[in-house]
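All remarks here apply to the structure that follows.
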There are 2 protein chains.
Amino acid sequence: MARTVTERSDVLPLLAEVFREHGYEGASLSLISKATGLGKGSLYHFFPGGKAEMVEAVLAEIDGWFEANVFRPLRAADDPAAVVAAMFTTVGDYFRSGRRVCLVGALSLSDARDRFAGALRDYFARWVEALAGALIRVGHPPEQAGDVAAEVVGGIQGALVLARALDRPEVFTRIVSGLRERCALGEGGSG
Amino acid sequence: MARTVTERSDVLPLLAEVFREHGYEGASLSLISKATGLGKGSLYHFFPGGKAEMVEAVLAEIDGWFEANVFRPLRAADDPAAVVAAMFTTVGDYFRSGRRVCLVGALSLSDARDRFAGALRDYFARWVEALAGALIRVGHPPEQAGDVAAEVVGGIQGALVLARALDRPEVFTRIVSGLRERCALGEGGSG
DNA sequence: TCAACTAAGTACCGATCGGTACAGAAAAAG
DNA sequence: CTTTTTCTGTACCGATCGGTACTTAGTTGA
């Protein structure tokens with residue numbers, strides 16, 4: 001019975017990947033156990049609340065990562081154009097150029113949405129809000145910035161859906177680069 | 001034992017709604033039975049292949065509906081601008097202004113994707129292709145039409161994700177109206 | 001050395017899963 | 001009417017579900 005010095009935070013990325021690949025219902029405890037290398041005893045030691053607590057922990061970590069690497073930079077005042085451009089690079093890498101699913105988006109479409117509604121709403125609301133602020137500083141008309149930001153954040157999610165359905169990850173990168181140009185140009189432009 | 005003169009095609013919309021709300025894994029046979037009013041005996045009479053066949057039948061019906069009401073009109077030669085505009089109205093209604101989930105998109109993000117990969121890919125591929133052709137006839141540069149079409153179809157999917165996560169259906173309608181303007185304007189414009 | 005505590009494996013729980021078998025009622029055919 | 005076919009409800013199957021209880025192995029501190 002090897003004690004594998006595992007900490008709760010060590011298994012979160014593995015957990016996240018299982019939920020990304022199989023969703024909430026599809027990620028059975030046996031799958032989770034296999035993916036993490038932890039037996040039920042260990043899993044329920046770290047997450048007494050079971051699957052629901054596992055998902056919440058994963059969502060919290062994702063939220064923290066985006067807060068630190070995406071939302072907070074967007075809210076920073078310096079060089080908004082560069083910060084917006086960096087956002088696209090960061091999320092492009094995060095989603096593995098379209099090969100990785102967004103867990104928050106996938107949960108939003110599933111019947112687990114109600115259970116985690118708060119976390120899902122928060123994630124997207126803060127993203128849209130932070131991006132809208134940055135777009136205003138870039139020079140977008142304030143009355144349009146909110147809509148553009150929603151279009152961009154939604155566009156990223158839709159690009160993931162489409163790329164995965166078509167099984168063509170490059171669809172994601174192409175759509176995202178189109179969104180990036182829209183943000184840079186403000187409005188109009190030859191694309 | 002009331003024989004409820006049900007035909008297979010009558011239960012498809014009910015089935016579709018169950019899968020939309022609960023996904024493939026989440027839609028248990030007991031839920032399906034409750035939603036359709038049919039016992040297991042009837043369900044397996046109509047769909048000997050079980051859940052998988054039910055989803056395939058639902059996807060086929062959805063595909064047929066979009067083929068008739070969206071894809072084929074897009075391919076028609078007459079008044080492409082009006083046809084593209086009509087597409088947005090049609091899908092806006094179909095998705096109940098953001099209150100209804102796209103089953104094809106939801107399945108694409110779930111672990112059931114591999115099982116129905118062909119149908120999912122087909123649906124989106126034909127949509128993008130038909131829209132791209134219409135955009136060219138509207139006046140979009142042919143070398144950009146494919147990308148714009150992918151951006152629009154993906155944008156619709158993303159709008160559904162975002163509207164559902166935020167629990168604000170109007171987010172869907174706003175994003176979709178933005179996409180409509182992009183299609184009408186070709187490139188450029190003040191938004 | 002020896003408790004005290006924590007980490008982790010295992011067996012098991014009731015419930016539910018998807019699916020099958022079958023009986024029997026309703027409708028159709030004769 | 002009888003026969004046949006088409007439905008449909010019910011009981012049941014083995015498997016697996018999420019979760020609990022309990023035991024054991026390893027670590028820690030005295």
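Convention: chains lettered A, B, ... in structure tokens order; per-chain residue numbering from 1; ligands numbered from 1 as shown.
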Kindly assemble as JSON lines a list of the chain B residues that lie within 6 Å of chain A, each paired with its nearest atom pair and their distance in Å to one decimal, using only C-alpha atoms, sorted first by chain and then by ascending residue number.
{"residue": "B:Glu21", "atom": "CA", "partner": "A:Asp111", "partner_atom": "CA", "distance": 6.0}
{"residue": "B:His22", "atom": "CA", "partner": "A:Asp111", "partner_atom": "CA", "distance": 4.8}
{"residue": "B:Ala106", "atom": "CA", "partner": "A:Leu109", "partner_atom": "CA", "distance": 5.8}
{"residue": "B:Ser108", "atom": "CA", "partner": "A:Ala165", "partner_atom": "CA", "distance": 5.1}
{"residue": "B:Leu109", "atom": "CA", "partner": "A:Ala106", "partner_atom": "CA", "distance": 5.8}
{"residue": "B:Asp111", "atom": "CA", "partner": "A:His22", "partner_atom": "CA", "distance": 4.8}
{"residue": "B:Leu120", "atom": "CA", "partner": "A:Ala165", "partner_atom": "CA", "distance": 5.7}
{"residue": "B:Arg121", "atom": "CA", "partner": "A:Leu166", "partner_atom": "CA", "distance": 4.6}
{"residue": "B:Glu151", "atom": "CA", "partner": "A:Ile175", "partner_atom": "CA", "distance": 5.6}
{"residue": "B:Gly154", "atom": "CA", "partner": "A:Gly158", "partner_atom": "CA", "distance": 4.2}
{"residue": "B:Gly155", "atom": "CA", "partner": "A:Gly155", "partner_atom": "CA", "distance": 4.7}
{"residue": "B:Gln157", "atom": "CA", "partner": "A:Gly158", "partner_atom": "CA", "distance": 4.8}
{"residue": "B:Gly158", "atom": "CA", "partner": "A:Gly158", "partner_atom": "CA", "distance": 3.6}
{"residue": "B:Ala159", "atom": "CA", "partner": "A:Gly154", "partner_atom": "CA", "distance": 5.2}
{"residue": "B:Leu162", "atom": "CA", "partner": "A:Gly154", "partner_atom": "CA", "distance": 5.7}
{"residue": "B:Ala165", "atom": "CA", "partner": "A:Ser108", "partner_atom": "CA", "distance": 5.1}
{"residue": "B:Leu166", "atom": "CA", "partner": "A:Arg121", "partner_atom": "CA", "distance": 4.6}
{"residue": "B:Ile175", "atom": "CA", "partner": "A:Glu151", "partner_atom": "CA", "distance": 5.6}
{"residue": "B:Glu187", "atom": "CA", "partner": "A:Ser190", "partner_atom": "CA", "distance": 5.8}
{"residue": "B:Gly188", "atom": "CA", "partner": "A:Gly188", "partner_atom": "CA", "distance": 3.7}
{"residue": "B:Gly189", "atom": "CA", "partner": "A:Gly188", "partner_atom": "CA", "distance": 4.9}
{"residue": "B:Ser190", "atom": "CA", "partner": "A:Glu187", "partner_atom": "CA", "distance": 5.9}
Checklist entry - Please, which residues of chain C lie no more than 7 Å from chain A when the count uses only C-alpha atoms (C1' of nucleotides), and can they be set out as a VMD selection string? => result chain C and resid 7 to 9
Checklist entry - Smallest atom-to-atom distance to DA3 (chain C): which of D:DT23, D:DT28, D:DT5, D:DT16, using only C-alpha atoms (C1' of nucleotides)? => result D:DT28
Next on the checklist: Please return, as JSON, numbers by chain, all residues of region 22-95 of chain B that DSSP assigns to alpha helix (DSSP H) on the basis of the backbone.
Outcome noted: {"B": [22, 23, 24, 25, 26, 29, 30, 31, 32, 33, 34, 35, 36, 40, 41, 42, 43, 44, 45, 46, 51, 52, 53, 54, 55, 56, 57, 58, 59, 60, 61, 62, 63, 64, 65, 66, 72, 73, 74, 75, 80, 81, 82, 83, 84, 85, 86, 87, 88, 89, 90, 91, 92, 93, 94]}
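Here CA of Ala77 (chain B) stands at a distance of 15.9 Å from CA of Pro142 (chain B).
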Checklist entry - Which residues come within 12 Å of DA23 (chain C), counting only C-alpha atoms (C1' of nucleotides), excluding same-chain residues fewer than 4 positions away, as an MDAnalysis selection string? => result (chainID B and resid 41) or (chainID D and resid 8:11)
Residues of chain D that have any atom at most 8 Å from an atom of chain A: could you tabulate them with the shortest-distance atom pair and the distance in Å to one decimal, using only C-alpha atoms (C1' of nucleotides), ordered by chain and increasing number, as a Markdown table?
| residue | atom | partner | partner_atom | distance |
| --- | --- | --- | --- | --- |
| D:DC17 | C1' | A:Ser28 | CA | 7.6 |
| D:DG18 | C1' | A:Leu29 | CA | 7.4 |
| D:DG19 | C1' | A:Gly50 | CA | 7.7 |
| D:DA25 | C1' | A:Met1 | CA | 5.6 |
| D:DG26 | C1' | A:Arg3 | CA | 6.7 |
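Take CA of Leu74 (chain B) and CA of Pro141 (chain B): the distance between them is 17.0 Å.
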Next on the checklist: Quick one: residues within 6 Å of region 10-16 of chain A, only C-alpha atoms (C1' of nucleotides), excluding same-chain residues fewer than 3 positions away - as JSON, numbers by chain?
Outcome noted: {"A": [7, 19, 36, 58]}
Selection above as a file: N, CA and C atoms, as a PDB file, in the first residue's frame:
ATOM      1  N   GLU A   7      -0.885  15.068  -3.041  1.00  0.00           N
ATOM      2  CA  GLU A   7      -1.665  16.127  -2.403  1.00  0.00           C
ATOM      3  C   GLU A   7      -2.914  16.357  -3.224  1.00  0.00           C
ATOM      4  N   PHE A  19     -12.967  14.912 -16.403  1.00  0.00           N
ATOM      5  CA  PHE A  19     -14.268  15.559 -16.577  1.00  0.00           C
ATOM      6  C   PHE A  19     -14.372  16.205 -17.962  1.00  0.00           C
ATOM      7  N   THR A  36      -6.629   8.894 -11.976  1.00  0.00           N
ATOM      8  CA  THR A  36      -5.830   9.540 -10.940  1.00  0.00           C
ATOM      9  C   THR A  36      -4.886   8.563 -10.247  1.00  0.00           C
ATOM     10  N   VAL A  58     -12.233  21.399  -9.168  1.00  0.00           N
ATOM     11  CA  VAL A  58     -11.648  21.594 -10.500  1.00  0.00           C
ATOM     12  C   VAL A  58     -12.057  22.949 -11.062  1.00  0.00           C
TER      13      VAL A  58
END
Next on the checklist: I want to know what sits within 10 Å of DC13 (chain D), based on only C-alpha atoms (C1' of nucleotides), with residues of the same chain fewer than 3 positions away left out; could you give that as a PyMOL selection string?
Outcome noted: chain C and resi 19-21
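The residue that comes closest to DG18 (chain C), out of D:DG29, D:DA15, D:DC7, D:DC22 and on the basis of only C-alpha atoms (C1' of nucleotides), is D:DA15.
If you look at C1' of DT10 (chain C) and C1' of DT20 (chain D), they are 12.1 Å away from each other.
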Checklist entry - Which residue, A:Cys183, A:Gly146, A:Glu17, A:Val138, has the smallest gap to Leu59 (chain A) when you use only C-alpha atoms? => result A:Glu17
